[in-house]
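Written out below as structure tokens is the structure these notes cover.
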Amino acid sequence: MMFKRLFFILSLMFLMPVWAGKVIKVVTSANFPPYEFHQNGQIVGVDIDIIREVLRRNGMEMVVEDMKFDSIIVAIQTGKGDIAASGLTVTEDRKREVDFSVTYVQAKQVIIVREDSDIAAPQDLQGRKIGVQSGTTGDTFVTENIGNPQRFDDASTAVAALKSGKLDAVVLDYEPARVHVARNAGLKLLDEPLTSEEYAFAVAKGNRELLEMINKTLQEMIADGTIENIRAKYEKVTDIEVAETDPDGSFKDDLYTVFVKNARWRYLCNGLKVTLLVAFFSVILGVSIGFFVAIIRSTADTTGKLKIANFLCKVYLMIIRGTPVVLQLLIIYFVVFGSMDVDKVLVAIIAFGINSGAYVAEIIRSGIMSIDRGQMEAGRSLGLSYSKTMILVILPQALKNVLPALGNEFIVLLKETSVCGFIALEDLTKGGDVIRSQTYNAFLPLIAVALVYLVLVMTFSFALEKLEKRLKKNE
């Protein structure tokens with residue numbers, strides 16, 4: 001009897017799917033309604049519901065991560081995500097990078113113009129200023145067939161540029177384009193589509209087991225009508241939201257819609273917490289690195305020692321100061337920690353701390369070099385060692401001299417954290433982007449984010465000024 005039970009249990013173990021019970025990371029760009037968008041603090045949409053049902057039917061759970069659209073394929077390649085669900089069109093170029101599931105939606109690229117525009121058909125786009133979402137098939141089609149477009153991180157920004165007259169047209173997928181036009185008075189869709197295409201989910205190259213599971217379940221869901229029901233549900237949801245939108249509402253109504261409705265202010269509050277957390281610990285790391293590098297370089301300049309360490313410090317300074325901080329952030333996230341599941345806040349702290357350290361090092365070194373050489377000689381003549389003289393005599397005077405420049409570097413660091421969204425970290429700026437993608441109001445979210453940054457900088461500047469005055473009393 002015992003052997004029969006053991007045999008039964010072992011049989012169940014072998015028959016259960018390998019992926020059962022596994023938590024799958026789904027990556028998306030949640031500014032593409034109705035396929036993926038933020039609602040009540042959650043990422044929802046056609047793609048999200050479909051892939052959730054696929055995983056549910058196979059005994060799996062999922063977590064969703066929001067990131068820039070043009071980072072999604074890279075995230076799958078580097079293992080930062082298991083499945084890409086973001087209205088991905090199947091193309092030959094993308095097939096070389098990832099494996100696609102069976103297609104589940106027929107889509108088309110359409111053209112949005114202003115109602116008074118003289119653009120009536122795709123052939124009228126030649127020589128015009130065209131906006132696209134970076135990395136999309138609309139971007140590829142316009143680039144290859146019409147001309148170089150203006151690329152935006154998200155569709156709502158491109159539509160806002162069109163509405164303000166900075167663009168002549170925007171090329172976008174039909175469903176999100178329909179929502180954008182309905183929510184923005186003065187815009188219209190052209191009847192003739194630019195191109196047709198199909199959406200599919202993407203997984204890493206060679207992940208046949210996961211791909212076959214997705215394909216099998218998708219085909220079942222297509223056959224039993226589940227996918228069509230999900231699409232119909234979100235078509236009704238977006239129609240209701242559009243009907244509730246008042247393009248000519250008062251400023252008070254706009255404030256309510258942007259910040260109060262669905263508690264959207266929480267996106268800014270949560271983003272502010274992340275921004276302050278990243279900035280605070282990045283400053284600590286940057287100052288630590290800066291002090292270390294500055295002392296090595298100034299010691300090498302003064303004594304001629306530490307030549308190898310000085311050379312390494314120069315290489316570090318050249319690389320960090322010679323490359324953009326956003327590039328360093330992406331390299332650390334996708335390359336350095338490419339095979340590790342490291343918390344994105346930690347990645348941001350490391351990236352900004354290393355970047356800031358290079359500038360802090362040169363600021364402190366300039367302060368050290370500004371101190372008269374006689375100070376070092378006086379300290380040594382009193383019997384202090386080189387290190388004690390540096391710590392007790394030179395550095396306090398140097399810091400006092402460079403405090404304004406050091407404070408300016410900290411302010412720059414605080415504002416540089418606004419690029420955290422490139423690694424799907426929901427900082428203050430990303431919070432404003434989420435609100436903008438939901439409300440189609442570009443003015444209020446951007447102004448709110450700018451005001452928060454301004455208050456932070458003014459508060460820090462005030463504290464720095466008080467510290468400077470206190471230090472001057474010692475004189």
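The chains in the structure tokens are called A, B, ... from first to last as shown; in each chain the residues are counted from 1, and the ligands are counted from 1 in the order shown.
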Which residues, written as an MDAnalysis selection string, have at least one atom at most 12 Å from Glu362 of chain A, with only C-alpha atoms counted and residues fewer than 5 positions away on the same chain left out?
chainID A and resid 286:287 289:298 313:314 316:318 321 356:357 367:369 398 402 405:406 409
Please identify all polymer residues within 7 Å of segment 335-345 of chain A, counting only C-alpha atoms, omitting same-chain residues fewer than 4 positions from it, and present them as a PyMOL selection string.
chain A and resi 78-79+278+331+349+425
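Across the structure, atom CA of Ile411 of chain A and atom CA of Ile319 of chain A are spaced 21.8 Å apart.
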Residues of segment 178-213 of chain A at most 12 Å from segment 169-173 of chain A: nearest atom pair and distance in Å, only C-alpha atoms, as CSV:
```
residue,atom,partner,partner_atom,distance
A:Arg178,CA,A:Asp173,CA,8.6
A:Val179,CA,A:Asp173,CA,10.5
A:His180,CA,A:Leu172,CA,9.9
A:Val181,CA,A:Val170,CA,10.9
A:Leu187,CA,A:Ala169,CA,9.8
A:Lys188,CA,A:Ala169,CA,10.1
A:Leu189,CA,A:Val170,CA,9.7
A:Leu190,CA,A:Ala169,CA,10.2
A:Pro193,CA,A:Asp173,CA,9.5
A:Leu194,CA,A:Val171,CA,8.2
A:Thr195,CA,A:Asp173,CA,9.5
A:Ser196,CA,A:Asp173,CA,9.3
A:Glu197,CA,A:Asp173,CA,9.4
A:Glu198,CA,A:Asp173,CA,10.8
A:Tyr199,CA,A:Asp173,CA,10.8
```
Same residues, N, CA and C atoms, output as a short mmCIF file (atom, residue, chain, number, x, y, z; two decimals), in the first residue's frame:
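The resulting file, again_17.cif, is shown below:
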```cif
data_model
loop_
_atom_site.label_atom_id
_atom_site.label_comp_id
_atom_site.auth_asym_id
_atom_site.auth_seq_id
_atom_site.Cartn_x
_atom_site.Cartn_y
_atom_site.Cartn_z
N ARG A 178 -7.51 55.69 -31.01
CA ARG A 178 -8.94 56.00 -30.87
C ARG A 178 -9.20 56.67 -29.52
N VAL A 179 -8.56 56.17 -28.45
CA VAL A 179 -8.75 56.74 -27.12
C VAL A 179 -8.15 58.15 -27.05
N HIS A 180 -6.95 58.32 -27.61
CA HIS A 180 -6.30 59.64 -27.60
C HIS A 180 -7.15 60.68 -28.32
N VAL A 181 -7.69 60.32 -29.46
CA VAL A 181 -8.51 61.27 -30.23
C VAL A 181 -9.79 61.61 -29.48
N LEU A 187 -8.70 66.81 -32.58
CA LEU A 187 -7.92 65.81 -33.31
C LEU A 187 -8.86 64.83 -34.01
N LYS A 188 -8.34 64.17 -35.04
CA LYS A 188 -9.14 63.18 -35.76
C LYS A 188 -8.24 62.08 -36.30
N LEU A 189 -8.86 60.93 -36.62
CA LEU A 189 -8.17 59.81 -37.24
C LEU A 189 -8.45 59.80 -38.73
N LEU A 190 -7.43 59.51 -39.53
CA LEU A 190 -7.64 59.33 -40.96
C LEU A 190 -8.24 57.94 -41.19
N PRO A 193 -5.77 53.24 -43.10
CA PRO A 193 -4.66 52.84 -42.22
C PRO A 193 -3.32 52.90 -42.94
N LEU A 194 -2.28 53.05 -42.15
CA LEU A 194 -0.94 53.11 -42.73
C LEU A 194 -0.40 51.72 -43.02
N THR A 195 -0.65 50.79 -42.11
CA THR A 195 -0.19 49.41 -42.28
C THR A 195 -0.96 48.51 -41.33
N SER A 196 -0.99 47.21 -41.58
CA SER A 196 -1.64 46.26 -40.69
C SER A 196 -0.58 45.34 -40.07
N GLU A 197 -0.90 44.78 -38.90
CA GLU A 197 0.08 43.97 -38.19
C GLU A 197 -0.62 43.06 -37.19
N GLU A 198 0.16 42.24 -36.48
CA GLU A 198 -0.39 41.30 -35.50
C GLU A 198 0.42 41.38 -34.22
N TYR A 199 -0.28 41.25 -33.07
CA TYR A 199 0.38 41.27 -31.77
C TYR A 199 0.65 39.85 -31.28
#
```
Of the candidates A:Leu285, A:Pro176, A:Ser117, A:Gly271, which one gets nearest to Leu413 of chain A if we count only C-alpha atoms?
A:Leu285
Which residues come within 12 Å of segment 217-219 of chain A, counting only C-alpha atoms, excluding same-chain residues fewer than 5 positions away, as a compact mmCIF listing (two decimals) with all heavy atoms, in the first residue's frame?
```txt
# COMPACT_ATOMS: atom_id res chain seq x y z
N ASP A 47 -3.74 43.00 -22.89
CA ASP A 47 -2.56 42.11 -22.84
C ASP A 47 -2.37 41.51 -21.45
O ASP A 47 -2.06 40.32 -21.32
CB ASP A 47 -1.30 42.88 -23.24
CG ASP A 47 -1.25 43.20 -24.72
OD1 ASP A 47 -1.91 42.49 -25.48
OD2 ASP A 47 -0.57 44.16 -25.10
N ILE A 50 -5.00 38.86 -20.66
CA ILE A 50 -4.78 37.64 -21.45
C ILE A 50 -3.65 36.82 -20.88
O ILE A 50 -3.78 35.61 -20.66
CB ILE A 50 -4.51 37.99 -22.93
CG1 ILE A 50 -5.77 38.54 -23.60
CG2 ILE A 50 -4.02 36.75 -23.70
CD1 ILE A 50 -5.55 39.02 -25.03
N ILE A 51 -2.51 37.45 -20.63
CA ILE A 51 -1.36 36.69 -20.14
C ILE A 51 -1.59 36.20 -18.71
O ILE A 51 -1.13 35.12 -18.32
CB ILE A 51 -0.05 37.51 -20.24
CG1 ILE A 51 1.16 36.58 -20.16
CG2 ILE A 51 0.01 38.59 -19.19
CD1 ILE A 51 1.25 35.59 -21.27
N ARG A 52 -2.36 36.97 -17.91
CA ARG A 52 -2.71 36.50 -16.56
C ARG A 52 -3.55 35.22 -16.63
O ARG A 52 -3.32 34.27 -15.87
CB ARG A 52 -3.47 37.58 -15.80
CG ARG A 52 -3.86 37.13 -14.39
CD ARG A 52 -4.65 38.18 -13.65
NE ARG A 52 -3.80 39.28 -13.20
CZ ARG A 52 -3.86 40.50 -13.68
NH1 ARG A 52 -4.73 40.80 -14.63
NH2 ARG A 52 -3.05 41.45 -13.23
N GLU A 53 -4.50 35.18 -17.57
CA GLU A 53 -5.35 34.00 -17.72
C GLU A 53 -4.54 32.82 -18.25
O GLU A 53 -4.75 31.68 -17.83
CB GLU A 53 -6.51 34.32 -18.67
CG GLU A 53 -7.46 33.16 -18.94
CD GLU A 53 -8.19 32.67 -17.71
OE1 GLU A 53 -8.20 33.38 -16.68
OE2 GLU A 53 -8.75 31.55 -17.77
N VAL A 54 -3.60 33.09 -19.15
CA VAL A 54 -2.72 32.03 -19.65
C VAL A 54 -1.95 31.40 -18.50
O VAL A 54 -1.89 30.16 -18.37
CB VAL A 54 -1.73 32.59 -20.70
CG1 VAL A 54 -0.64 31.57 -21.02
CG2 VAL A 54 -2.46 32.96 -21.99
N LEU A 55 -1.38 32.22 -17.65
CA LEU A 55 -0.59 31.71 -16.53
C LEU A 55 -1.48 31.04 -15.49
O LEU A 55 -1.10 30.02 -14.91
CB LEU A 55 0.21 32.86 -15.91
CG LEU A 55 1.23 33.53 -16.83
CD1 LEU A 55 1.89 34.71 -16.14
CD2 LEU A 55 2.28 32.55 -17.30
N ARG A 56 -2.67 31.60 -15.25
CA ARG A 56 -3.58 31.01 -14.26
C ARG A 56 -3.97 29.59 -14.66
O ARG A 56 -4.01 28.70 -13.82
CB ARG A 56 -4.83 31.89 -14.13
CG ARG A 56 -5.77 31.45 -13.00
CD ARG A 56 -7.13 32.09 -13.13
NE ARG A 56 -7.85 31.59 -14.29
CZ ARG A 56 -8.48 30.43 -14.36
NH1 ARG A 56 -8.47 29.60 -13.32
NH2 ARG A 56 -9.12 30.06 -15.46
N ARG A 57 -4.24 29.40 -15.96
CA ARG A 57 -4.64 28.08 -16.42
C ARG A 57 -3.51 27.06 -16.30
O ARG A 57 -3.76 25.85 -16.40
CB ARG A 57 -5.11 28.16 -17.87
CG ARG A 57 -6.41 28.93 -18.05
CD ARG A 57 -6.95 28.79 -19.46
NE ARG A 57 -8.18 29.57 -19.64
CZ ARG A 57 -8.97 29.47 -20.72
NH1 ARG A 57 -8.67 28.60 -21.69
NH2 ARG A 57 -10.05 30.21 -20.81
N ASN A 58 -2.29 27.55 -16.11
CA ASN A 58 -1.16 26.65 -15.96
C ASN A 58 -0.60 26.65 -14.53
O ASN A 58 0.54 26.23 -14.30
CB ASN A 58 -0.06 27.02 -16.96
CG ASN A 58 -0.45 26.69 -18.38
OD1 ASN A 58 -0.26 25.58 -18.85
ND2 ASN A 58 -1.02 27.67 -19.09
N GLY A 59 -1.42 27.15 -13.60
CA GLY A 59 -1.04 27.11 -12.20
C GLY A 59 0.09 28.05 -11.82
O GLY A 59 0.85 27.77 -10.89
N SER A 101 5.10 34.21 -29.52
CA SER A 101 4.01 33.26 -29.41
C SER A 101 3.14 33.34 -30.67
O SER A 101 3.42 34.14 -31.57
CB SER A 101 3.15 33.59 -28.18
OG SER A 101 2.45 34.82 -28.40
N VAL A 102 2.09 32.53 -30.70
CA VAL A 102 1.11 32.70 -31.77
C VAL A 102 0.46 34.06 -31.59
O VAL A 102 0.36 34.59 -30.48
CB VAL A 102 0.04 31.58 -31.73
CG1 VAL A 102 0.67 30.23 -31.99
CG2 VAL A 102 -0.69 31.58 -30.39
N THR A 103 0.01 34.66 -32.68
CA THR A 103 -0.60 35.99 -32.60
C THR A 103 -2.02 35.87 -32.05
O THR A 103 -2.70 34.86 -32.24
CB THR A 103 -0.63 36.67 -33.97
OG1 THR A 103 -1.33 35.84 -34.90
CG2 THR A 103 0.79 36.88 -34.49
N TYR A 104 -2.46 36.91 -31.36
CA TYR A 104 -3.78 36.88 -30.73
C TYR A 104 -4.64 38.09 -31.06
O TYR A 104 -5.82 38.13 -30.71
CB TYR A 104 -3.63 36.76 -29.20
CG TYR A 104 -2.81 37.86 -28.58
CD1 TYR A 104 -3.41 39.02 -28.11
CD2 TYR A 104 -1.44 37.75 -28.45
CE1 TYR A 104 -2.67 40.04 -27.55
CE2 TYR A 104 -0.67 38.76 -27.90
CZ TYR A 104 -1.30 39.90 -27.44
OH TYR A 104 -0.55 40.91 -26.89
N VAL A 105 -4.07 39.10 -31.73
CA VAL A 105 -4.82 40.30 -32.08
C VAL A 105 -4.36 40.81 -33.44
O VAL A 105 -3.16 40.86 -33.72
CB VAL A 105 -4.61 41.42 -31.02
CG1 VAL A 105 -5.16 42.75 -31.53
CG2 VAL A 105 -5.28 41.07 -29.71
N ALA A 200 1.74 39.73 -30.50
CA ALA A 200 2.07 38.44 -29.89
C ALA A 200 2.86 38.70 -28.61
O ALA A 200 3.36 39.82 -28.39
CB ALA A 200 2.87 37.57 -30.84
N PHE A 201 2.98 37.70 -27.77
CA PHE A 201 3.83 37.78 -26.59
C PHE A 201 5.24 37.31 -26.97
O PHE A 201 5.41 36.56 -27.93
CB PHE A 201 3.28 36.91 -25.46
CG PHE A 201 1.90 37.32 -25.01
CD1 PHE A 201 0.82 36.48 -25.20
CD2 PHE A 201 1.69 38.55 -24.42
CE1 PHE A 201 -0.45 36.85 -24.79
CE2 PHE A 201 0.42 38.94 -24.01
CZ PHE A 201 -0.65 38.08 -24.20
N LEU A 210 8.43 27.37 -22.07
CA LEU A 210 7.50 28.45 -21.74
C LEU A 210 6.70 28.86 -22.97
O LEU A 210 5.49 29.10 -22.89
CB LEU A 210 8.27 29.64 -21.17
CG LEU A 210 7.44 30.87 -20.78
CD1 LEU A 210 6.40 30.51 -19.72
CD2 LEU A 210 8.34 31.99 -20.27
N LEU A 211 7.37 28.93 -24.12
CA LEU A 211 6.70 29.35 -25.35
C LEU A 211 5.60 28.36 -25.75
O LEU A 211 4.49 28.76 -26.13
CB LEU A 211 7.72 29.48 -26.48
CG LEU A 211 7.19 30.04 -27.80
CD1 LEU A 211 6.69 31.46 -27.63
CD2 LEU A 211 8.28 29.99 -28.87
N GLU A 212 5.90 27.07 -25.67
CA GLU A 212 4.91 26.06 -26.04
C GLU A 212 3.71 26.09 -25.10
O GLU A 212 2.56 25.91 -25.52
CB GLU A 212 5.56 24.67 -26.03
CG GLU A 212 6.51 24.46 -27.20
CD GLU A 212 7.34 23.19 -27.06
OE1 GLU A 212 7.07 22.42 -26.09
OE2 GLU A 212 8.24 22.97 -27.89
N ASP A 224 -12.15 29.15 -27.34
CA ASP A 224 -13.32 29.23 -26.45
C ASP A 224 -13.86 30.66 -26.28
O ASP A 224 -14.77 30.90 -25.48
CB ASP A 224 -13.01 28.62 -25.08
CG ASP A 224 -11.89 29.35 -24.32
OD1 ASP A 224 -11.67 30.53 -24.59
OD2 ASP A 224 -11.24 28.71 -23.46
N GLY A 225 -13.27 31.63 -27.00
CA GLY A 225 -13.79 32.99 -26.99
C GLY A 225 -13.31 33.87 -25.85
O GLY A 225 -13.76 35.02 -25.71
N THR A 226 -12.38 33.36 -25.02
CA THR A 226 -11.91 34.14 -23.87
C THR A 226 -11.23 35.44 -24.30
O THR A 226 -11.48 36.51 -23.72
CB THR A 226 -10.93 33.30 -23.03
OG1 THR A 226 -11.58 32.11 -22.60
CG2 THR A 226 -10.47 34.09 -21.81
N ILE A 227 -10.38 35.35 -25.31
CA ILE A 227 -9.64 36.54 -25.75
C ILE A 227 -10.60 37.60 -26.30
O ILE A 227 -10.47 38.80 -26.00
CB ILE A 227 -8.57 36.16 -26.79
CG1 ILE A 227 -7.44 35.41 -26.09
CG2 ILE A 227 -8.03 37.40 -27.50
CD1 ILE A 227 -6.32 34.98 -27.00
N GLU A 228 -11.58 37.19 -27.07
CA GLU A 228 -12.55 38.15 -27.62
C GLU A 228 -13.35 38.80 -26.50
O GLU A 228 -13.65 39.99 -26.56
CB GLU A 228 -13.48 37.43 -28.60
CG GLU A 228 -14.30 38.38 -29.45
CD GLU A 228 -13.45 39.37 -30.23
OE1 GLU A 228 -12.40 38.97 -30.77
OE2 GLU A 228 -13.83 40.56 -30.28
```
Would you list, as a PyMOL selection string, the residues of segment 118-324 of chain A that end up in helix (DSSP H, G or I) under DSSP run on this structure's backbone?
chain A and resi 122-125+137-145+155-163+174-183+208-223+226-244+251-263+265-303+307-322
For each of A:Val74, A:Ala202, A:Ile435, A:Ala463, take the minimum atom-to-atom distance to Gln39 of chain A, counting only C-alpha atoms, then give the residue where this is smallest.
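Looking only at the distances to Gln39 of chain A, the closest residue turns out to be A:Ile435.
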Val63 of chain A: which residues within 10 Å, counting only C-alpha atoms, same-chain residues fewer than 5 positions away excluded, as a list of chain:residue names?
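After dropping sequence-adjacent residues, the list is A:Val23, A:Ile24, A:Lys25, A:Val26, A:Val27, A:Ile43, A:Arg52, A:Gly81.
Minimum atom-to-atom distance to Ile350 of chain A, evaluated using only C-alpha atoms, belongs to A:Ser282 out of A:Gln375, A:Thr136, A:Ser282, A:Thr299.
Ranking A:Pro33, A:Arg436, A:Glu65, A:Tyr453 by their shortest atom-to-atom distance to Lys80 of chain A, with only C-alpha atoms included, puts A:Glu65 first.
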Find the residue from A:Thr257, A:Asn148, A:Thr429, A:Thr275 that sits nearest to Ser134 of chain A; use only C-alpha atoms when measuring.
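Closest candidate: A:Asn148.
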Write down as a PyMOL selection string the residues of segment 178-366 of chain A whose backbone DSSP state falls under strand (DSSP E).
chain A and resi 187-189+195-199+202-204
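Put simply, atom CA of Leu403 of chain A is 28.4 Å away from atom CA of Ser381 of chain A.
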With a distance cut-off of 12 Å and only C-alpha atoms, select the neighbouring residues of Thr439 of chain A, excluding the residue or stretch itself and same-chain residues fewer than 5 positions from it, and output the selection as a ChimeraX atom specification.
/A:31,33,37-39,156-157,160,179-180,182-184,241-242,244-247,253-262,264,432-434,444-445
Name all residues at most 12 Å from Ile371 of chain A (count only C-alpha atoms; drop same-chain ones fewer than 6 positions away) and give them as a JSON list (two decimals) with N, CA and C atoms, in the first residue's frame.
```json
[["chain", "number", "residue", "atom", "x", "y", "z"],
["A", 298, "SER", "N", 45.29, 63.61, -4.76],
["A", 298, "SER", "CA", 46.05, 64.71, -4.17],
["A", 298, "SER", "C", 47.35, 64.21, -3.53],
["A", 364, "ILE", "N", 36.44, 67.98, -4.28],
["A", 364, "ILE", "CA", 37.22, 67.90, -3.04],
["A", 364, "ILE", "C", 38.71, 68.06, -3.33],
["A", 365, "ARG", "N", 39.18, 67.47, -4.43],
["A", 365, "ARG", "CA", 40.60, 67.62, -4.78],
["A", 365, "ARG", "C", 40.95, 69.09, -5.02],
["A", 377, "GLU", "N", 52.97, 71.37, 5.90],
["A", 377, "GLU", "CA", 54.30, 71.41, 6.53],
["A", 377, "GLU", "C", 54.18, 71.72, 8.02],
["A", 390, "MET", "N", 46.23, 65.38, 6.97],
["A", 390, "MET", "CA", 45.22, 65.49, 5.92],
["A", 390, "MET", "C", 43.82, 65.53, 6.52],
["A", 393, "VAL", "N", 43.72, 68.70, 9.49],
["A", 393, "VAL", "CA", 44.11, 70.07, 9.12],
["A", 393, "VAL", "C", 43.62, 70.45, 7.73],
["A", 394, "ILE", "N", 43.94, 69.63, 6.74],
["A", 394, "ILE", "CA", 43.67, 70.00, 5.35],
["A", 394, "ILE", "C", 42.20, 69.85, 4.97],
["A", 395, "LEU", "N", 41.62, 68.66, 5.22],
["A", 395, "LEU", "CA", 40.25, 68.38, 4.76],
["A", 395, "LEU", "C", 39.20, 69.32, 5.36],
["A", 396, "PRO", "N", 39.25, 69.66, 6.67],
["A", 396, "PRO", "CA", 38.24, 70.60, 7.19],
["A", 396, "PRO", "C", 38.26, 71.94, 6.47],
["A", 397, "GLN", "N", 39.45, 72.45, 6.16],
["A", 397, "GLN", "CA", 39.54, 73.72, 5.43],
["A", 397, "GLN", "C", 39.09, 73.57, 3.98],
["A", 398, "ALA", "N", 39.46, 72.43, 3.39],
["A", 398, "ALA", "CA", 39.09, 72.20, 1.99],
["A", 398, "ALA", "C", 37.57, 72.10, 1.83],
["A", 399, "LEU", "N", 36.92, 71.37, 2.74],
["A", 399, "LEU", "CA", 35.46, 71.21, 2.67],
["A", 399, "LEU", "C", 34.75, 72.54, 2.81],
["A", 400, "LYS", "N", 35.28, 73.38, 3.67],
["A", 400, "LYS", "CA", 34.68, 74.70, 3.87],
["A", 400, "LYS", "C", 34.76, 75.52, 2.59],
["A", 401, "ASN", "N", 35.86, 75.38, 1.86],
["A", 401, "ASN", "CA", 36.04, 76.14, 0.62],
["A", 401, "ASN", "C", 35.14, 75.65, -0.52],
["A", 402, "VAL", "N", 34.91, 74.34, -0.55],
["A", 402, "VAL", "CA", 34.19, 73.77, -1.69],
["A", 402, "VAL", "C", 32.72, 73.49, -1.37]]
```
